[in-house]
Amino acid sequence: ITQRMQAGQYLSTSVAVKQILAEDGFAGLFRGYLSTSLRDAPFMALLFLSYEQFKTWKVRLTFAYDEPGRVLSPWSDAETVLWGGISGFIAGFLTTPFDVVKTRIMTSPQQMTVAEAMRSIGAAGLCIGAV
């Protein structure tokens, strides 16, 4: 519903729900669930793996250049925001094609599979929004 509202397909949530139920039935409310999962799983994996890798690098650098007692010291707030933001950028950038497919499926006027969405977008279109 949110994707369709943002795309300007409906004027209100109640109109959206009524029309989706009338056209697609109850299943229409869950259009795009699979594509959302296909986007979110790699996004979260990349986010946490990159963040943990940055933490590992900090431990190695701290141990190499500082006293061993500081190895387990927590990151400062600025370091947490910086490396969390960089991890989020990496994950978002690399999963943009999945997000483009998800949005196409959710805003399509008719039911669409992941394969159909990818064909309709084309290879060049999969990176729309990433650059």
# chains A, B, ... in the order shown; residues from 1 in each chain; ligands from 1
call {"tool": "residues_around", "arguments": {"residues": "Ser76 in chain A", "least_positions_apart": "5", "cutoff": "12 Å", "atoms": "only C-alpha atoms", "output": "MDAnalysis selection string"}}
result
chainID A and resid 55 58 81:84
call {"tool": "write_last_selection", "arguments": {"atoms": "N, CA, C and O atoms", "output": "short mmCIF file (atom, residue, chain, number, x, y, z; two decimals), in the first residue's frame"}}
result
data_model
loop_
_atom_site.label_atom_id
_atom_site.label_comp_id
_atom_site.auth_asym_id
_atom_site.auth_seq_id
_atom_site.Cartn_x
_atom_site.Cartn_y
_atom_site.Cartn_z
N LYS A 55 34.80 -3.48 12.61
CA LYS A 55 35.17 -3.64 14.01
C LYS A 55 36.41 -4.51 14.16
O LYS A 55 37.30 -4.21 14.97
N LYS A 58 39.44 -2.51 13.35
CA LYS A 58 39.79 -1.60 14.43
C LYS A 58 40.56 -2.33 15.52
O LYS A 58 41.55 -1.82 16.05
N VAL A 81 28.69 5.86 14.30
CA VAL A 81 27.89 6.50 13.26
C VAL A 81 28.62 6.41 11.91
O VAL A 81 28.01 6.08 10.88
N LEU A 82 29.90 6.69 11.91
CA LEU A 82 30.67 6.67 10.66
C LEU A 82 30.67 5.29 10.03
O LEU A 82 30.29 5.12 8.87
N TRP A 83 31.07 4.28 10.77
CA TRP A 83 31.19 2.94 10.19
C TRP A 83 29.83 2.29 9.97
O TRP A 83 29.66 1.52 9.03
N GLY A 84 28.86 2.62 10.79
CA GLY A 84 27.50 2.15 10.54
C GLY A 84 26.94 2.76 9.26
O GLY A 84 26.29 2.08 8.47
#
call {"tool": "residues_around", "arguments": {"residues": "Gln19 in chain A", "least_positions_apart": "2", "cutoff": "12 Å", "atoms": "only C-alpha atoms", "output": "NGL selection string"}}
result
:A and (1 or 4 or 9-17 or 21-26 or 28-29 or 109)
call {"tool": "write_last_selection", "arguments": {"atoms": "C-alpha atoms", "output": "compact mmCIF listing (two decimals), in the first residue's frame"}}
result
# COMPACT_ATOMS: atom_id res chain seq x y z
CA ILE A 1 0.00 0.00 0.00
CA ARG A 4 1.42 2.62 -4.34
CA GLN A 9 -1.81 5.64 -7.47
CA TYR A 10 -4.33 6.29 -4.67
CA LEU A 11 -5.53 9.36 -2.79
CA SER A 12 -6.00 7.68 0.59
CA THR A 13 -5.17 4.48 2.40
CA SER A 14 -8.80 3.43 2.66
CA VAL A 15 -9.29 3.84 -1.10
CA ALA A 16 -6.09 1.87 -1.73
CA VAL A 17 -7.13 -1.03 0.51
CA LEU A 21 -9.00 -6.02 -2.30
CA ALA A 22 -11.51 -5.59 -5.12
CA GLU A 23 -8.95 -6.12 -7.91
CA ASP A 24 -6.48 -8.62 -6.43
CA GLY A 25 -8.20 -10.03 -3.36
CA PHE A 26 -6.51 -10.46 0.01
CA GLY A 28 -2.97 -8.26 -3.33
CA LEU A 29 -2.11 -6.75 0.05
CA PRO A 109 -1.01 -2.46 -12.20
call {"tool": "residues_around", "arguments": {"residues": "Gln110 in chain A", "least_positions_apart": "5", "cutoff": "12 Å", "atoms": "only C-alpha atoms", "output": "tab-separated table (two decimals) with C-alpha atoms, in the first residue's frame"}}
result
chain	number	residue	atom	x	y	z
A	20	ILE	CA	-6.58	-3.62	-3.99
A	23	GLU	CA	-8.95	-6.12	-7.91
A	24	ASP	CA	-6.48	-8.62	-6.43
A	28	GLY	CA	-2.97	-8.26	-3.33
A	31	ARG	CA	2.19	-8.23	-3.48
A	32	GLY	CA	5.93	-7.85	-3.40
A	104	ARG	CA	8.36	-2.45	-9.96
A	105	ILE	CA	6.42	-5.45	-8.65
A	116	GLU	CA	8.94	-10.50	-15.46
A	117	ALA	CA	9.96	-7.42	-13.48
call {"tool": "closest_residue", "arguments": {"among": "A:Pro42, A:Ile86, A:Ser35, A:Arg60", "to": "Met118 in chain A", "atoms": "only C-alpha atoms"}}
result
A:Ser35
call {"tool": "residues_around", "arguments": {"residues": "Ser37 in chain A", "least_positions_apart": "2", "cutoff": "12 Å", "atoms": "only C-alpha atoms", "output": "list in words"}}
result
Phe30, Arg31, Gly32, Tyr33, Leu34, Ser35, Arg39, Asp40, Ala41, Pro42, Phe43, Met44, Thr95, Phe98, Asp99, Val101, Lys102 and Val114 of chain A
call {"tool": "write_last_selection", "arguments": {"atoms": "N, CA, C and O atoms", "output": "PDB file, in the first residue's frame"}}
result
ATOM      1  N   PHE A  30      -0.323  -8.387  -0.157  1.00  0.00           N
ATOM      2  CA  PHE A  30       1.015  -8.919   0.079  1.00  0.00           C
ATOM      3  C   PHE A  30       1.846  -8.978  -1.197  1.00  0.00           C
ATOM      4  O   PHE A  30       2.878  -9.635  -1.234  1.00  0.00           O
ATOM      5  N   ARG A  31       1.416  -8.261  -2.228  1.00  0.00           N
ATOM      6  CA  ARG A  31       2.186  -8.232  -3.476  1.00  0.00           C
ATOM      7  C   ARG A  31       3.561  -7.646  -3.181  1.00  0.00           C
ATOM      8  O   ARG A  31       3.696  -6.614  -2.549  1.00  0.00           O
ATOM      9  N   GLY A  32       4.572  -8.326  -3.614  1.00  0.00           N
ATOM     10  CA  GLY A  32       5.930  -7.850  -3.402  1.00  0.00           C
ATOM     11  C   GLY A  32       6.593  -8.400  -2.154  1.00  0.00           C
ATOM     12  O   GLY A  32       7.733  -8.047  -1.856  1.00  0.00           O
ATOM     13  N   TYR A  33       5.904  -9.259  -1.411  1.00  0.00           N
ATOM     14  CA  TYR A  33       6.506  -9.805  -0.191  1.00  0.00           C
ATOM     15  C   TYR A  33       7.771 -10.601  -0.502  1.00  0.00           C
ATOM     16  O   TYR A  33       8.795 -10.424   0.156  1.00  0.00           O
ATOM     17  N   LEU A  34       7.705 -11.450  -1.521  1.00  0.00           N
ATOM     18  CA  LEU A  34       8.878 -12.243  -1.898  1.00  0.00           C
ATOM     19  C   LEU A  34      10.026 -11.337  -2.344  1.00  0.00           C
ATOM     20  O   LEU A  34      11.165 -11.505  -1.914  1.00  0.00           O
ATOM     21  N   SER A  35       9.715 -10.358  -3.187  1.00  0.00           N
ATOM     22  CA  SER A  35      10.783  -9.470  -3.662  1.00  0.00           C
ATOM     23  C   SER A  35      11.352  -8.616  -2.532  1.00  0.00           C
ATOM     24  O   SER A  35      12.534  -8.283  -2.543  1.00  0.00           O
ATOM     25  N   ARG A  39      15.282  -8.719  -1.224  1.00  0.00           N
ATOM     26  CA  ARG A  39      16.089  -7.517  -1.061  1.00  0.00           C
ATOM     27  C   ARG A  39      16.649  -7.429   0.353  1.00  0.00           C
ATOM     28  O   ARG A  39      17.823  -7.134   0.565  1.00  0.00           O
ATOM     29  N   ASP A  40      15.800  -7.682   1.339  1.00  0.00           N
ATOM     30  CA  ASP A  40      16.201  -7.466   2.727  1.00  0.00           C
ATOM     31  C   ASP A  40      17.234  -8.466   3.238  1.00  0.00           C
ATOM     32  O   ASP A  40      18.099  -8.095   4.029  1.00  0.00           O
ATOM     33  N   ALA A  41      17.159  -9.719   2.805  1.00  0.00           N
ATOM     34  CA  ALA A  41      18.106 -10.727   3.295  1.00  0.00           C
ATOM     35  C   ALA A  41      19.549 -10.372   2.926  1.00  0.00           C
ATOM     36  O   ALA A  41      20.411 -10.296   3.814  1.00  0.00           O
ATOM     37  N   PRO A  42      19.855 -10.099   1.642  1.00  0.00           N
ATOM     38  CA  PRO A  42      21.238  -9.730   1.341  1.00  0.00           C
ATOM     39  C   PRO A  42      21.624  -8.371   1.923  1.00  0.00           C
ATOM     40  O   PRO A  42      22.780  -8.164   2.303  1.00  0.00           O
ATOM     41  N   PHE A  43      20.652  -7.449   2.015  1.00  0.00           N
ATOM     42  CA  PHE A  43      20.960  -6.143   2.598  1.00  0.00           C
ATOM     43  C   PHE A  43      21.449  -6.301   4.036  1.00  0.00           C
ATOM     44  O   PHE A  43      22.485  -5.757   4.411  1.00  0.00           O
ATOM     45  N   MET A  44      20.691  -7.052   4.826  1.00  0.00           N
ATOM     46  CA  MET A  44      21.067  -7.222   6.229  1.00  0.00           C
ATOM     47  C   MET A  44      22.371  -7.997   6.368  1.00  0.00           C
ATOM     48  O   MET A  44      23.195  -7.687   7.235  1.00  0.00           O
ATOM     49  N   THR A  95      22.525  -3.657  -3.066  1.00  0.00           N
ATOM     50  CA  THR A  95      21.205  -4.289  -3.179  1.00  0.00           C
ATOM     51  C   THR A  95      20.196  -3.405  -3.917  1.00  0.00           C
ATOM     52  O   THR A  95      19.016  -3.756  -3.955  1.00  0.00           O
ATOM     53  N   PHE A  98      17.831  -5.203  -6.366  1.00  0.00           N
ATOM     54  CA  PHE A  98      16.730  -5.915  -5.703  1.00  0.00           C
ATOM     55  C   PHE A  98      15.604  -4.943  -5.339  1.00  0.00           C
ATOM     56  O   PHE A  98      14.430  -5.265  -5.434  1.00  0.00           O
ATOM     57  N   ASP A  99      15.977  -3.740  -4.913  1.00  0.00           N
ATOM     58  CA  ASP A  99      14.981  -2.743  -4.538  1.00  0.00           C
ATOM     59  C   ASP A  99      14.213  -2.249  -5.757  1.00  0.00           C
ATOM     60  O   ASP A  99      12.999  -2.020  -5.685  1.00  0.00           O
ATOM     61  N   VAL A 101      13.562  -3.960  -8.480  1.00  0.00           N
ATOM     62  CA  VAL A 101      12.638  -5.040  -8.846  1.00  0.00           C
ATOM     63  C   VAL A 101      11.442  -5.050  -7.893  1.00  0.00           C
ATOM     64  O   VAL A 101      10.290  -5.154  -8.312  1.00  0.00           O
ATOM     65  N   LYS A 102      11.711  -4.915  -6.596  1.00  0.00           N
ATOM     66  CA  LYS A 102      10.635  -4.896  -5.601  1.00  0.00           C
ATOM     67  C   LYS A 102       9.656  -3.767  -5.873  1.00  0.00           C
ATOM     68  O   LYS A 102       8.437  -3.955  -5.874  1.00  0.00           O
ATOM     69  N   VAL A 114       9.114 -11.940 -10.288  1.00  0.00           N
ATOM     70  CA  VAL A 114      10.444 -11.329 -10.229  1.00  0.00           C
ATOM     71  C   VAL A 114      11.091 -11.356 -11.609  1.00  0.00           C
ATOM     72  O   VAL A 114      11.675 -10.362 -12.056  1.00  0.00           O
TER      73      VAL A 114
END
call {"tool": "residues_around", "arguments": {"residues": "Ala130 in chain A", "least_positions_apart": "5", "cutoff": "12 Å", "atoms": "only C-alpha atoms", "output": "JSON list (two decimals) with N, CA and C atoms, in the first residue's frame"}}
result
[["chain", "number", "residue", "atom", "x", "y", "z"],
["A", 89, "PHE", "N", 25.67, 2.28, 3.49],
["A", 89, "PHE", "CA", 25.87, 2.69, 2.10],
["A", 89, "PHE", "C", 26.26, 1.50, 1.23],
["A", 90, "ILE", "N", 27.20, 0.72, 1.71],
["A", 90, "ILE", "CA", 27.65, -0.46, 0.95],
["A", 90, "ILE", "C", 26.48, -1.41, 0.70],
["A", 91, "ALA", "N", 25.75, -1.71, 1.75],
["A", 91, "ALA", "CA", 24.62, -2.65, 1.62],
["A", 91, "ALA", "C", 23.54, -2.08, 0.70],
["A", 92, "GLY", "N", 23.22, -0.81, 0.86],
["A", 92, "GLY", "CA", 22.19, -0.19, 0.02],
["A", 92, "GLY", "C", 22.59, -0.13, -1.43],
["A", 93, "PHE", "N", 23.83, 0.23, -1.68],
["A", 93, "PHE", "CA", 24.32, 0.34, -3.06],
["A", 93, "PHE", "C", 24.29, -1.01, -3.76],
["A", 94, "LEU", "N", 24.78, -2.04, -3.07],
["A", 94, "LEU", "CA", 24.87, -3.36, -3.69],
["A", 94, "LEU", "C", 23.52, -4.06, -3.84],
["A", 95, "THR", "N", 22.53, -3.66, -3.07],
["A", 95, "THR", "CA", 21.21, -4.29, -3.18],
["A", 95, "THR", "C", 20.20, -3.41, -3.92],
["A", 96, "THR", "N", 20.64, -2.33, -4.53],
["A", 96, "THR", "CA", 19.73, -1.47, -5.30],
["A", 96, "THR", "C", 18.97, -2.24, -6.38],
["A", 97, "PRO", "N", 19.61, -3.13, -7.14],
["A", 97, "PRO", "CA", 18.82, -3.87, -8.15],
["A", 97, "PRO", "C", 17.64, -4.63, -7.54],
["A", 98, "PHE", "N", 17.83, -5.20, -6.37],
["A", 98, "PHE", "CA", 16.73, -5.91, -5.70],
["A", 98, "PHE", "C", 15.60, -4.94, -5.34],
["A", 99, "ASP", "N", 15.98, -3.74, -4.91],
["A", 99, "ASP", "CA", 14.98, -2.74, -4.54],
["A", 99, "ASP", "C", 14.21, -2.25, -5.76],
["A", 100, "VAL", "N", 14.90, -2.08, -6.87],
["A", 100, "VAL", "CA", 14.24, -1.65, -8.11],
["A", 100, "VAL", "C", 13.21, -2.69, -8.54],
["A", 124, "ALA", "N", 20.30, -2.32, -17.61],
["A", 124, "ALA", "CA", 20.71, -0.96, -17.27],
["A", 124, "ALA", "C", 19.79, -0.34, -16.23],
["A", 125, "GLY", "N", 18.51, -0.69, -16.25],
["A", 125, "GLY", "CA", 17.56, -0.12, -15.32],
["A", 125, "GLY", "C", 17.68, -0.64, -13.90]]
call {"tool": "select_by_dssp", "arguments": {"residues": "chain A", "states": "alpha helix (DSSP H)", "output": "PyMOL selection string"}}
result
chain A and resi 2-6+13-24+33-65+77-94+96-107+114-121
call {"tool": "closest_residue", "arguments": {"among": "A:Gln3, A:Thr80, A:Thr56, A:Ser108", "to": "Ile121 in chain A", "atoms": "only C-alpha atoms"}}
result
A:Ser108
call {"tool": "atom_distance", "arguments": {"atom1": "CA of Thr2 in chain A", "atom2": "CA of Lys18 in chain A"}}
result
14.0 Å
call {"tool": "closest_residue", "arguments": {"among": "A:Thr103, A:Gly88, A:Leu61, A:Ile128", "to": "Ala45 in chain A", "atoms": "only C-alpha atoms"}}
result
A:Gly88
call {"tool": "atom_distance", "arguments": {"atom1": "CA of Ala123 in chain A", "atom2": "CA of Ser50 in chain A"}}
result
26.2 Å
call {"tool": "decode", "arguments": {"residues": "range 114-130 of chain A", "atoms": "all heavy atoms", "output": "compact mmCIF listing (two decimals), in the first residue's frame"}}
result
# COMPACT_ATOMS: atom_id res chain seq x y z
N VAL A 114 9.11 -11.94 -10.29
CA VAL A 114 10.44 -11.33 -10.23
C VAL A 114 11.09 -11.36 -11.61
O VAL A 114 11.68 -10.36 -12.06
CB VAL A 114 11.33 -12.05 -9.18
CG1 VAL A 114 12.76 -11.57 -9.25
CG2 VAL A 114 10.77 -11.83 -7.78
N ALA A 115 10.97 -12.47 -12.31
CA ALA A 115 11.57 -12.59 -13.65
C ALA A 115 10.94 -11.60 -14.62
O ALA A 115 11.64 -10.96 -15.41
CB ALA A 115 11.43 -14.02 -14.17
N GLU A 116 9.62 -11.46 -14.58
CA GLU A 116 8.94 -10.50 -15.46
C GLU A 116 9.38 -9.06 -15.14
O GLU A 116 9.60 -8.27 -16.05
CB GLU A 116 7.43 -10.62 -15.31
CG GLU A 116 6.86 -11.90 -15.85
CD GLU A 116 5.41 -12.12 -15.45
OE1 GLU A 116 4.93 -11.50 -14.48
OE2 GLU A 116 4.76 -12.93 -16.13
N ALA A 117 9.52 -8.76 -13.87
CA ALA A 117 9.96 -7.42 -13.48
C ALA A 117 11.37 -7.15 -13.98
O ALA A 117 11.65 -6.07 -14.51
CB ALA A 117 9.90 -7.27 -11.96
N MET A 118 12.26 -8.13 -13.85
CA MET A 118 13.64 -7.95 -14.32
C MET A 118 13.68 -7.75 -15.83
O MET A 118 14.42 -6.90 -16.32
CB MET A 118 14.49 -9.14 -13.90
CG MET A 118 14.73 -9.18 -12.41
SD MET A 118 15.67 -10.60 -11.87
CE MET A 118 17.26 -10.25 -12.55
N ARG A 119 12.87 -8.51 -16.57
CA ARG A 119 12.83 -8.34 -18.03
C ARG A 119 12.29 -6.96 -18.41
O ARG A 119 12.78 -6.32 -19.32
CB ARG A 119 11.97 -9.43 -18.67
CG ARG A 119 12.71 -10.72 -18.92
CD ARG A 119 11.95 -11.66 -19.84
NE ARG A 119 10.65 -12.04 -19.32
CZ ARG A 119 10.44 -13.06 -18.49
NH1 ARG A 119 11.46 -13.81 -18.09
NH2 ARG A 119 9.24 -13.36 -18.06
N SER A 120 11.27 -6.49 -17.69
CA SER A 120 10.68 -5.19 -18.04
C SER A 120 11.61 -4.03 -17.70
O SER A 120 11.56 -2.99 -18.34
CB SER A 120 9.34 -5.01 -17.33
OG SER A 120 9.51 -4.77 -15.95
N ILE A 121 12.46 -4.21 -16.71
CA ILE A 121 13.38 -3.15 -16.30
C ILE A 121 14.62 -3.13 -17.19
O ILE A 121 15.10 -2.07 -17.57
CB ILE A 121 13.79 -3.33 -14.83
CG1 ILE A 121 12.59 -3.16 -13.92
CG2 ILE A 121 14.89 -2.36 -14.44
CD1 ILE A 121 12.80 -3.66 -12.50
N GLY A 122 15.15 -4.29 -17.52
CA GLY A 122 16.37 -4.38 -18.31
C GLY A 122 17.59 -4.25 -17.43
O GLY A 122 17.53 -3.75 -16.30
N ALA A 123 18.73 -4.69 -17.94
CA ALA A 123 19.97 -4.69 -17.16
C ALA A 123 20.38 -3.29 -16.72
O ALA A 123 20.78 -3.08 -15.57
CB ALA A 123 21.09 -5.34 -17.97
N ALA A 124 20.30 -2.32 -17.61
CA ALA A 124 20.71 -0.96 -17.27
C ALA A 124 19.79 -0.34 -16.23
O ALA A 124 20.24 0.43 -15.38
CB ALA A 124 20.74 -0.09 -18.53
N GLY A 125 18.51 -0.69 -16.25
CA GLY A 125 17.56 -0.12 -15.32
C GLY A 125 17.68 -0.64 -13.90
O GLY A 125 17.13 -0.03 -12.98
N LEU A 126 18.36 -1.76 -13.71
CA LEU A 126 18.48 -2.33 -12.38
C LEU A 126 19.28 -1.44 -11.42
O LEU A 126 19.16 -1.60 -10.21
CB LEU A 126 19.11 -3.72 -12.45
CG LEU A 126 18.22 -4.81 -13.04
CD1 LEU A 126 19.01 -6.10 -13.19
CD2 LEU A 126 17.00 -5.03 -12.18
N CYS A 127 20.08 -0.55 -11.94
CA CYS A 127 20.90 0.30 -11.08
C CYS A 127 20.35 1.72 -10.95
O CYS A 127 21.05 2.61 -10.47
CB CYS A 127 22.33 0.30 -11.57
SG CYS A 127 23.11 -1.31 -11.40
N ILE A 128 19.10 1.92 -11.40
CA ILE A 128 18.49 3.25 -11.26
C ILE A 128 18.46 3.62 -9.79
O ILE A 128 18.03 2.85 -8.95
CB ILE A 128 17.05 3.25 -11.84
CG1 ILE A 128 17.12 3.13 -13.35
CG2 ILE A 128 16.30 4.49 -11.42
CD1 ILE A 128 15.76 2.98 -14.00
N GLY A 129 18.95 4.77 -9.47
CA GLY A 129 18.97 5.23 -8.09
C GLY A 129 20.28 4.96 -7.37
O GLY A 129 20.52 5.54 -6.32
N ALA A 130 21.11 4.09 -7.90
CA ALA A 130 22.38 3.79 -7.24
C ALA A 130 23.47 4.80 -7.59
O ALA A 130 24.40 4.98 -6.84
CB ALA A 130 22.85 2.38 -7.60
